[in-house]
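data07.txt (compact mmCIF, C-alpha atoms) appears below.
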```
# COMPACT_ATOMS: atom_id res chain seq x y z
CA MET A 49 1.53 -188.36 -77.42
CA THR A 50 2.63 -189.65 -80.83
CA LEU A 51 -0.02 -190.10 -83.53
CA HIS A 52 0.80 -191.56 -86.93
CA THR A 53 -0.85 -190.53 -90.18
CA TYR A 54 -1.98 -193.05 -92.80
CA LEU A 55 -3.40 -192.65 -96.30
CA PRO A 56 -5.69 -195.05 -98.18
CA GLY A 57 -3.74 -198.04 -99.43
CA GLN A 58 -1.31 -198.14 -96.52
CA THR A 59 -1.26 -200.83 -93.84
CA ILE A 60 -2.62 -199.54 -90.53
CA PRO A 61 -1.82 -201.39 -87.28
CA GLY A 62 -4.93 -202.40 -85.36
CA PHE A 63 -7.34 -201.17 -88.04
CA ASP A 64 -8.89 -202.61 -91.21
CA ALA A 65 -7.16 -200.37 -93.74
CA ALA A 66 -9.57 -201.44 -96.49
CA LEU A 67 -12.25 -199.34 -94.78
CA LEU A 68 -10.44 -196.14 -95.75
CA SER A 69 -10.99 -196.85 -99.44
CA GLN A 70 -14.39 -198.51 -99.03
CA HIS A 71 -15.70 -195.55 -97.03
CA SER A 72 -13.90 -192.91 -99.15
CA ALA A 73 -11.97 -191.49 -96.17
CA ASP A 74 -9.07 -189.13 -96.80
CA LEU A 75 -6.80 -189.87 -93.84
CA HIS A 76 -6.42 -191.99 -90.71
CA LEU A 77 -4.77 -191.02 -87.43
CA ARG A 78 -3.49 -193.87 -85.25
CA SER A 79 -1.88 -194.05 -81.83
CA GLU A 80 1.60 -195.53 -81.62
CA ASP A 81 0.32 -198.70 -79.93
CA GLY A 82 -2.30 -199.21 -82.67
CA ARG A 83 -5.22 -199.38 -80.23
CA SER A 84 -6.81 -195.97 -80.82
CA GLY A 85 -7.52 -193.89 -83.88
CA CYS A 86 -9.90 -192.03 -86.15
CA SER A 87 -10.46 -191.34 -89.83
CA LEU A 88 -11.06 -187.96 -91.44
CA TRP A 89 -13.13 -186.87 -94.43
CA TRP A 90 -12.95 -183.53 -96.20
CA THR A 91 -13.40 -184.47 -99.86
CA ASN A 92 -16.63 -186.51 -99.85
CA THR A 93 -18.83 -184.83 -97.24
CA PRO A 94 -22.49 -183.80 -96.95
CA ALA A 95 -23.55 -180.23 -97.62
CA VAL A 96 -24.15 -178.17 -94.47
CA GLU A 97 -24.81 -174.54 -93.68
CA GLY A 98 -21.82 -172.54 -92.56
CA GLY A 99 -19.21 -173.71 -95.04
CA LYS A 100 -17.14 -176.75 -95.91
CA PRO A 101 -17.52 -179.57 -93.35
CA GLY A 102 -14.94 -182.04 -92.15
CA ILE A 103 -15.98 -185.40 -90.71
CA ILE A 104 -14.35 -187.45 -87.96
CA GLY A 105 -15.27 -191.13 -87.78
CA HIS A 106 -13.94 -194.67 -87.22
CA PHE A 107 -13.34 -193.21 -83.77
CA SER A 108 -11.91 -195.42 -81.03
CA ALA A 109 -9.89 -194.51 -77.96
CA GLU A 110 -8.52 -196.47 -75.02
CA THR A 111 -8.61 -193.56 -72.56
CA PRO A 112 -10.02 -190.01 -72.30
CA LYS A 113 -6.48 -188.66 -72.65
CA ILE A 114 -5.95 -190.44 -75.97
CA ALA A 115 -9.42 -189.43 -77.16
CA ALA A 116 -8.66 -185.78 -76.41
CA ALA A 117 -5.38 -186.03 -78.34
CA LEU A 118 -7.17 -187.52 -81.34
CA LEU A 119 -9.81 -184.79 -81.32
CA ASP A 120 -7.15 -182.07 -81.07
CA ALA A 121 -5.15 -183.57 -83.95
CA ALA A 122 -8.29 -184.01 -86.07
CA THR A 123 -9.30 -180.40 -85.41
CA ALA A 124 -5.91 -179.14 -86.56
CA GLU A 125 -5.85 -181.37 -89.66
CA LEU A 126 -9.35 -180.48 -90.82
CA GLY A 127 -8.70 -176.79 -90.17
CA GLN A 128 -5.63 -176.96 -92.41
CA ARG A 129 -7.80 -178.58 -95.10
CA GLY A 130 -10.06 -175.53 -95.21
CA CYS A 131 -12.98 -177.02 -93.29
CA ARG A 132 -15.22 -174.53 -91.47
CA VAL A 133 -17.04 -177.00 -89.25
CA MET A 134 -16.18 -180.46 -87.90
CA ILE A 135 -18.90 -183.11 -87.46
CA GLY A 136 -18.74 -186.45 -85.69
CA PRO A 137 -18.40 -189.12 -84.80
CA MET A 138 -19.67 -190.37 -88.16
CA ASP A 139 -18.10 -192.97 -90.42
CA GLY A 140 -18.33 -190.70 -93.44
CA THR A 141 -22.10 -190.91 -93.89
CA THR A 142 -25.29 -191.50 -91.90
CA TRP A 143 -25.73 -194.80 -93.77
CA ARG A 144 -22.98 -196.11 -91.49
CA ARG A 145 -22.21 -195.92 -87.77
CA TYR A 146 -22.51 -192.45 -86.25
CA ARG A 147 -23.46 -190.58 -83.02
CA VAL A 148 -22.35 -190.80 -79.38
CA LEU A 149 -24.53 -192.65 -76.90
CA THR A 150 -25.02 -189.85 -74.36
CA GLU A 151 -27.84 -191.09 -72.07
CA ARG A 152 -27.62 -194.84 -71.50
CA GLY A 153 -30.51 -195.60 -69.17
CA PRO A 154 -31.05 -198.99 -67.49
CA GLU A 155 -31.61 -201.10 -70.62
CA PRO A 156 -28.61 -203.11 -71.91
CA PRO A 157 -27.28 -202.44 -75.43
CA PHE A 158 -29.35 -204.00 -78.20
CA PHE A 159 -28.22 -205.79 -81.36
CA LEU A 160 -26.39 -203.52 -83.84
CA GLU A 161 -26.75 -200.52 -81.54
CA PRO A 162 -23.80 -198.10 -81.56
CA ASP A 163 -22.15 -198.14 -78.14
CA ASN A 164 -19.26 -196.29 -76.55
CA PRO A 165 -17.74 -195.60 -73.13
CA ASP A 166 -19.82 -193.14 -71.12
CA TRP A 167 -16.89 -190.72 -70.93
CA TRP A 168 -17.06 -190.00 -74.68
CA LYS A 169 -19.69 -187.34 -74.05
CA LYS A 170 -17.43 -185.35 -71.74
CA VAL A 171 -14.38 -185.73 -73.98
CA PHE A 172 -16.23 -184.38 -77.03
CA GLU A 173 -17.75 -181.50 -75.08
CA ASP A 174 -14.47 -180.63 -73.34
CA ALA A 175 -12.87 -180.47 -76.81
CA GLY A 176 -15.30 -177.73 -77.83
CA PHE A 177 -17.96 -179.81 -79.55
CA SER A 178 -21.66 -179.03 -79.07
CA PRO A 179 -24.77 -181.03 -80.02
CA LEU A 180 -25.68 -180.78 -83.69
CA ALA A 181 -28.51 -183.33 -83.68
CA THR A 182 -30.07 -185.64 -81.10
CA TYR A 183 -31.64 -189.08 -81.48
CA THR A 184 -33.57 -191.52 -79.32
CA SER A 185 -34.51 -195.17 -79.07
CA SER A 186 -37.91 -195.92 -77.52
CA LEU A 187 -39.19 -199.08 -75.85
CA VAL A 188 -42.74 -200.30 -76.52
CA GLU A 189 -44.02 -202.84 -73.99
CA ASP A 190 -47.78 -202.57 -74.60
CA LEU A 191 -48.11 -204.17 -78.02
CA GLU A 192 -51.91 -204.17 -77.82
CA LYS A 193 -52.06 -200.39 -77.79
CA THR A 194 -53.39 -199.10 -81.12
CA ASP A 195 -53.20 -195.72 -82.77
CA PRO A 196 -56.73 -194.67 -83.83
CA ARG A 197 -55.31 -193.21 -87.04
CA ALA A 198 -54.09 -196.62 -88.18
CA ASP A 199 -57.46 -198.24 -88.90
CA ARG A 200 -58.72 -195.22 -90.84
CA ALA A 201 -55.51 -195.01 -92.84
CA TRP A 202 -55.47 -198.73 -93.58
CA ASP A 203 -59.09 -198.71 -94.75
CA ARG A 204 -58.22 -195.97 -97.22
CA LEU A 205 -54.93 -197.53 -98.34
CA GLN A 206 -56.52 -200.94 -98.83
CA GLY A 207 -59.28 -199.30 -100.82
CA GLU A 208 -56.60 -197.89 -103.11
CA GLY A 209 -55.11 -201.33 -103.63
CA LEU A 210 -52.18 -201.39 -101.22
CA VAL A 211 -51.16 -204.64 -99.56
CA ILE A 212 -48.52 -205.42 -96.93
CA ARG A 213 -46.37 -208.49 -97.37
CA SER A 214 -43.28 -210.01 -95.76
CA LEU A 215 -39.86 -210.12 -97.34
CA ASP A 216 -39.58 -213.05 -99.72
CA PRO A 217 -36.50 -215.13 -98.76
CA GLU A 218 -36.49 -216.67 -102.25
CA ALA A 219 -36.15 -213.19 -103.72
CA PHE A 220 -33.94 -211.72 -101.01
CA GLU A 221 -31.82 -209.41 -103.14
CA GLU A 222 -34.81 -208.32 -105.24
CA ASP A 223 -36.68 -207.27 -102.12
CA LEU A 224 -33.60 -205.54 -100.73
CA ARG A 225 -33.47 -203.61 -103.99
CA ARG A 226 -37.08 -202.53 -103.36
CA ILE A 227 -36.07 -201.35 -99.87
CA TYR A 228 -33.07 -199.50 -101.33
CA ASP A 229 -35.21 -197.76 -103.96
CA VAL A 230 -37.64 -196.50 -101.31
CA SER A 231 -34.80 -195.44 -99.01
CA VAL A 232 -32.96 -193.26 -101.52
CA ILE A 233 -36.19 -191.38 -102.26
CA SER A 234 -37.55 -191.20 -98.72
CA PHE A 235 -34.26 -190.18 -97.06
CA THR A 236 -33.12 -187.61 -99.63
CA GLY A 237 -34.29 -184.67 -97.54
CA ASN A 238 -32.91 -186.07 -94.28
CA PHE A 239 -30.29 -184.19 -92.28
CA LEU A 240 -26.75 -184.83 -93.59
CA TYR A 241 -28.04 -187.13 -96.35
CA THR A 242 -25.51 -188.37 -98.88
CA PRO A 243 -26.19 -190.91 -101.65
CA ILE A 244 -25.12 -194.53 -101.36
CA SER A 245 -24.69 -197.03 -104.19
CA TRP A 246 -26.82 -200.14 -104.45
CA GLU A 247 -23.67 -202.26 -104.09
CA SER A 248 -22.72 -200.56 -100.81
CA PHE A 249 -26.28 -200.86 -99.50
CA LEU A 250 -26.40 -204.56 -100.33
CA ALA A 251 -23.04 -205.15 -98.67
CA GLN A 252 -24.41 -203.76 -95.39
CA TYR A 253 -27.29 -206.27 -95.30
CA LEU A 254 -25.77 -209.46 -96.69
CA PRO A 255 -23.76 -210.29 -93.51
CA TYR A 256 -27.06 -210.47 -91.58
CA ARG A 257 -29.03 -212.52 -94.08
CA ASP A 258 -29.21 -215.57 -91.79
CA LYS A 259 -30.38 -213.43 -88.87
CA ILE A 260 -33.19 -211.65 -90.73
CA ARG A 261 -36.64 -213.10 -90.09
CA PRO A 262 -38.72 -212.39 -93.22
CA GLU A 263 -42.00 -211.94 -91.30
CA PHE A 264 -40.50 -208.89 -89.57
CA VAL A 265 -39.48 -207.13 -92.77
CA LEU A 266 -42.68 -205.55 -94.09
CA LEU A 267 -43.12 -204.20 -97.61
CA ALA A 268 -46.12 -202.09 -98.55
CA MET A 269 -46.92 -202.78 -102.18
CA ASP A 270 -48.90 -200.49 -104.46
CA GLY A 271 -49.25 -202.88 -107.37
CA GLU A 272 -45.67 -203.52 -108.51
CA LYS A 273 -44.45 -200.37 -106.78
CA THR A 274 -43.02 -200.48 -103.26
CA ALA A 275 -44.59 -197.62 -101.32
CA GLY A 276 -42.84 -198.16 -97.99
CA TYR A 277 -41.21 -200.67 -95.70
CA LEU A 278 -40.39 -201.42 -92.09
CA PHE A 279 -37.23 -203.40 -91.35
CA ALA A 280 -37.06 -205.15 -87.97
CA ILE A 281 -34.76 -207.80 -86.53
CA PRO A 282 -34.69 -209.74 -83.24
CA ASP A 283 -32.40 -208.48 -80.49
CA TYR A 284 -29.73 -211.17 -80.72
CA ALA A 285 -27.72 -209.32 -78.05
CA GLU A 286 -30.14 -210.72 -75.46
CA PRO A 287 -29.19 -214.43 -75.75
CA LEU A 288 -25.53 -213.46 -76.18
CA GLY A 289 -25.82 -211.74 -72.80
CA GLY A 290 -27.51 -214.73 -71.18
CA ARG A 291 -31.00 -213.20 -71.38
CA PRO A 292 -34.09 -214.67 -73.08
CA LEU A 293 -34.82 -213.43 -76.60
CA ARG A 294 -37.87 -211.24 -76.04
CA THR A 295 -37.29 -207.99 -77.97
CA LEU A 296 -37.78 -207.06 -81.61
CA ILE A 297 -35.88 -204.04 -82.97
CA GLY A 298 -37.65 -201.82 -85.47
CA LYS A 299 -34.57 -200.40 -87.18
CA THR A 300 -35.81 -198.55 -90.26
CA LEU A 301 -39.18 -197.21 -91.40
CA ALA A 302 -39.50 -195.42 -94.74
CA VAL A 303 -42.46 -194.35 -96.85
CA LEU A 304 -42.52 -192.65 -100.24
CA PRO A 305 -43.55 -188.98 -100.11
CA GLY A 306 -47.00 -187.86 -101.17
CA ARG A 307 -50.54 -187.68 -99.80
CA ARG A 308 -51.44 -191.05 -101.30
CA TYR A 309 -49.31 -192.80 -98.68
CA GLY A 310 -50.31 -190.69 -95.72
CA GLY A 311 -50.66 -192.81 -92.56
CA LEU A 312 -48.75 -195.75 -93.99
CA GLY A 313 -45.99 -195.43 -91.38
CA VAL A 314 -48.34 -195.89 -88.43
CA VAL A 315 -50.02 -198.78 -90.24
CA LEU A 316 -46.68 -200.55 -90.68
CA ALA A 317 -45.75 -199.95 -87.03
CA GLY A 318 -49.05 -201.39 -85.83
CA ASP A 319 -48.64 -204.41 -88.08
CA LEU A 320 -45.15 -205.02 -86.71
CA HIS A 321 -46.42 -204.87 -83.12
CA ARG A 322 -49.11 -207.45 -83.88
CA ARG A 323 -46.61 -209.75 -85.57
CA ALA A 324 -44.18 -209.38 -82.67
CA LYS A 325 -46.82 -210.29 -80.11
CA ALA A 326 -48.04 -213.25 -82.17
CA ALA A 327 -44.45 -214.55 -82.40
CA GLY A 328 -43.93 -214.31 -78.64
CA PHE A 329 -41.99 -211.04 -78.49
CA PRO A 330 -43.42 -208.89 -75.66
CA ARG A 331 -41.29 -205.83 -76.49
CA VAL A 332 -40.40 -203.73 -79.53
CA ILE A 333 -37.71 -201.07 -79.75
CA HIS A 334 -38.17 -198.15 -82.14
CA ALA A 335 -34.47 -197.59 -82.75
CA LEU A 336 -32.28 -194.55 -83.42
CA GLN A 337 -34.77 -191.88 -84.47
CA HIS A 338 -33.92 -188.24 -85.09
CA GLU A 339 -35.79 -186.18 -82.51
CA SER A 340 -37.40 -184.03 -85.22
CA ASN A 341 -38.56 -187.06 -87.20
CA LYS A 342 -42.31 -187.53 -87.55
CA SER A 343 -41.92 -191.16 -86.52
CA ARG A 344 -40.73 -189.93 -83.10
CA ASN A 345 -44.29 -188.75 -82.43
CA MET A 346 -45.50 -192.28 -83.16
CA SER A 347 -42.88 -193.77 -80.85
CA ASP A 348 -43.88 -191.36 -78.07
CA PHE A 349 -47.47 -192.54 -78.46
CA PHE A 350 -46.61 -196.23 -78.23
CA GLY A 351 -43.73 -196.28 -75.75
CA LYS A 352 -41.11 -194.34 -73.80
CA VAL A 353 -37.60 -193.11 -74.54
CA MET A 354 -34.97 -195.57 -73.28
CA ARG A 355 -31.78 -194.09 -74.79
CA ARG A 356 -30.43 -190.83 -76.23
CA TYR A 357 -27.63 -190.20 -78.68
CA THR A 358 -25.87 -187.06 -79.92
CA LEU A 359 -24.08 -186.06 -83.11
CA TYR A 360 -21.62 -183.28 -82.40
CA SER A 361 -20.14 -180.35 -84.32
CA LYS A 362 -17.39 -177.85 -83.72
CA ASN A 363 -16.70 -174.58 -85.51
CA LEU A 364 -13.21 -174.35 -86.98
CA LEU A 365 -13.20 -170.64 -87.80
```
Go ahead and express the file in the form of structure tokens.
Amino acid sequence: MTLHTYLPGQTIPGFDAALLSQHSADLHLRSEDGRSGCSLWWTNTPAVEGGKPGIIGHFSAETPKIAAALLDAATAELGQRGCRVMIGPMDGTTWRRYRVLTERGPEPPFFLEPDNPDWWKKVFEDAGFSPLATYTSSLVEDLEKTDPRADRAWDRLQGEGLVIRSLDPEAFEEDLRRIYDVSVISFTGNFLYTPISWESFLAQYLPYRDKIRPEFVLLAMDGEKTAGYLFAIPDYAEPLGGRPLRTLIGKTLAVLPGRRYGGLGVVLAGDLHRRAKAAGFPRVIHALQHESNKSRNMSDFFGKVMRRYTLYSKNLL
């Protein structure tokens, strides 16, 4: 099978070549028909144990045979670049699309959820990849269920002057900047974390400005300081699939570190559930959580796992 190699700045058939530069990728591999390919990173990569990592992302493949060829070619290329371990699929950073959906379950895909053919799991594993990290999405259908820790935490936080407000649509970019500032502090210790610029962060949210409902983007304010946030958005995949809009997706929850803000995460989750129910949404999804994340414990309390995802790695020694 013939695969063609492309560098940033070159035209790539069947692929938005601008993404190579925007996402700081080093190389792109493309099938001759232009319908399958992947990008590789070895210069701008997160720090990991075990030596220099290489990343495979922008991954798409028409068939298992083509996918296997891409993985073999990527393995050889990254090995030649001195990489000791290969991680993927990940579009350069965890701020963008990454992971393989490995346990689908009966629920249909939700809005902005990464999706892939079910055979991806076997192709990656047959190519010598093994799970590096696992993630879940959980479905909450009892929105009246309350965590007993929430009331105690909220009494204390209110007593210290914290308030929870909705995103202000008249100050959209200012509030997004507040969310960004919390994120870069809260996520710094996360697995495979790499920094992202404010401009790149803003560019990810602006295309969805008209779809964001301000009452479902919660900011916890400690005076003028943003202590945490919960970003949720309706599941617009439901009406697109001919189903009624009945699900709210809790996409991102972040709280500043420190004892002062202990319990704020469960307070924000409870507030979102109440707002969802009041707005006529009977279901909330806690989306794409790392299985070691503390918020997973909260999701297990409120609901049940509906989907699993895997990020893979492969030793190149």
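Using only C-alpha atoms, the shortest contact distance between His338 (chain A) and any of A:Ala251, A:Ile244, A:Ile233, A:Ala181 is found at A:Ala181.
Nearest residue to Glu97 (chain A) among A:Ser84, A:Asn363, A:Lys352, A:Arg144 is A:Asn363, counting only C-alpha atoms.
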Show me a table, sorted first by chain and then by increasing residue number, of the residues of region 125-244 of chain A having an atom at most 6 Å from region 357-362 of chain A, each with its shortest atom pair and the distance in Å to one decimal, counting only C-alpha atoms and written as CSV.
```
residue,atom,partner,partner_atom,distance
A:Val133,CA,A:Lys362,CA,5.6
A:Met134,CA,A:Lys362,CA,5.1
A:Ile135,CA,A:Ser361,CA,4.4
A:Gly136,CA,A:Tyr360,CA,5.4
A:Arg147,CA,A:Leu359,CA,4.6
A:Val148,CA,A:Thr358,CA,5.2
A:Leu149,CA,A:Tyr357,CA,4.3
A:Thr150,CA,A:Tyr357,CA,5.1
A:Phe177,CA,A:Lys362,CA,4.6
A:Ser178,CA,A:Tyr360,CA,5.4
A:Pro179,CA,A:Tyr360,CA,4.5
A:Leu180,CA,A:Tyr360,CA,4.9
A:Ala181,CA,A:Leu359,CA,5.2
A:Thr182,CA,A:Thr358,CA,4.6
A:Tyr183,CA,A:Tyr357,CA,5.0
```
Separating CA of Glu189 (chain A) from CA of Pro165 (chain A), to the nearest tenth of an Å, is a gap of 27.3 Å
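Comparing the minimum interatomic distances between Asp283 (chain A) and each of A:Leu296, A:Leu187, A:Leu75, A:Ala201, counting only C-alpha atoms, we find that A:Leu296 sits nearest.
Picture a line from CA of Leu77 (chain A) to CA of Trp246 (chain A); it runs 29.3 Å.
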**Request:** Quick one: everything within 7 Å of Ile281 (chain A), counting only C-alpha atoms, minus sequence neighbours fewer than 4 positions away in the same chain. Send it as a PyMOL selection string.
**Result:** chain A and resi 260-261+264+296-298
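Going from CA of Ala115 (chain A) to CA of Trp143 (chain A) covers 23.9 Å.
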Original post:
Which residues, written as a PyMOL selection string, have at least one atom at most 8 Å from Ala66 (chain A), with all atoms listed in the file counted and residues fewer than 2 positions away on the same chain left out?
Top reply: chain A and resi 56-57+64+68-70
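Within a radius of 10 Å around (-8.7, -189.2, -90.2), the polymer residues are Thr53, Tyr54, Leu55, Leu68, Ala73, Asp74, Leu75, His76, Leu77, Arg78, Gly85, Cys86, Ser87, Leu88, Trp89, Trp90, Gly102, Ile103, Ile104, Gly105, His106, Phe107, Leu118, Leu119, Ala121, Ala122, Glu125 and Leu126 of chain A, counting only C-alpha atoms.
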From the list A:Gln252, A:Leu67, A:Met49, A:Thr141, the nearest residue to Asp120 (chain A) using all atoms listed in the file is A:Met49
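Of the residues listed (A:Gly140, A:Pro305, A:Gln206, A:Pro162), A:Pro305 shows the shortest atom-to-atom separation from Val232 (chain A); distances use all atoms listed in the file.
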Hey, what's within 12 Å of Phe235 (chain A) if we count only C-alpha atoms and toss same-chain stuff fewer than 3 positions away? As a ChimeraX atom specification, please?
/A:142-143,227-232,238-244,276,300-305,341
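The shortest atom-to-atom distance to Leu316 (chain A), with all atoms listed in the file taken into account, belongs to A:Trp202 out of A:Phe349, A:Phe249, A:Phe158, A:Trp202.
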Requested in this report: Could you give me, as a PyMOL selection string, the residues within 10 Å of Ala324 (chain A), counting all atoms listed in the file and dropping anything in the same chain fewer than 3 positions from it?
Outcome: chain A and resi 191+263-264+280+282+294-297+318-321+327-332
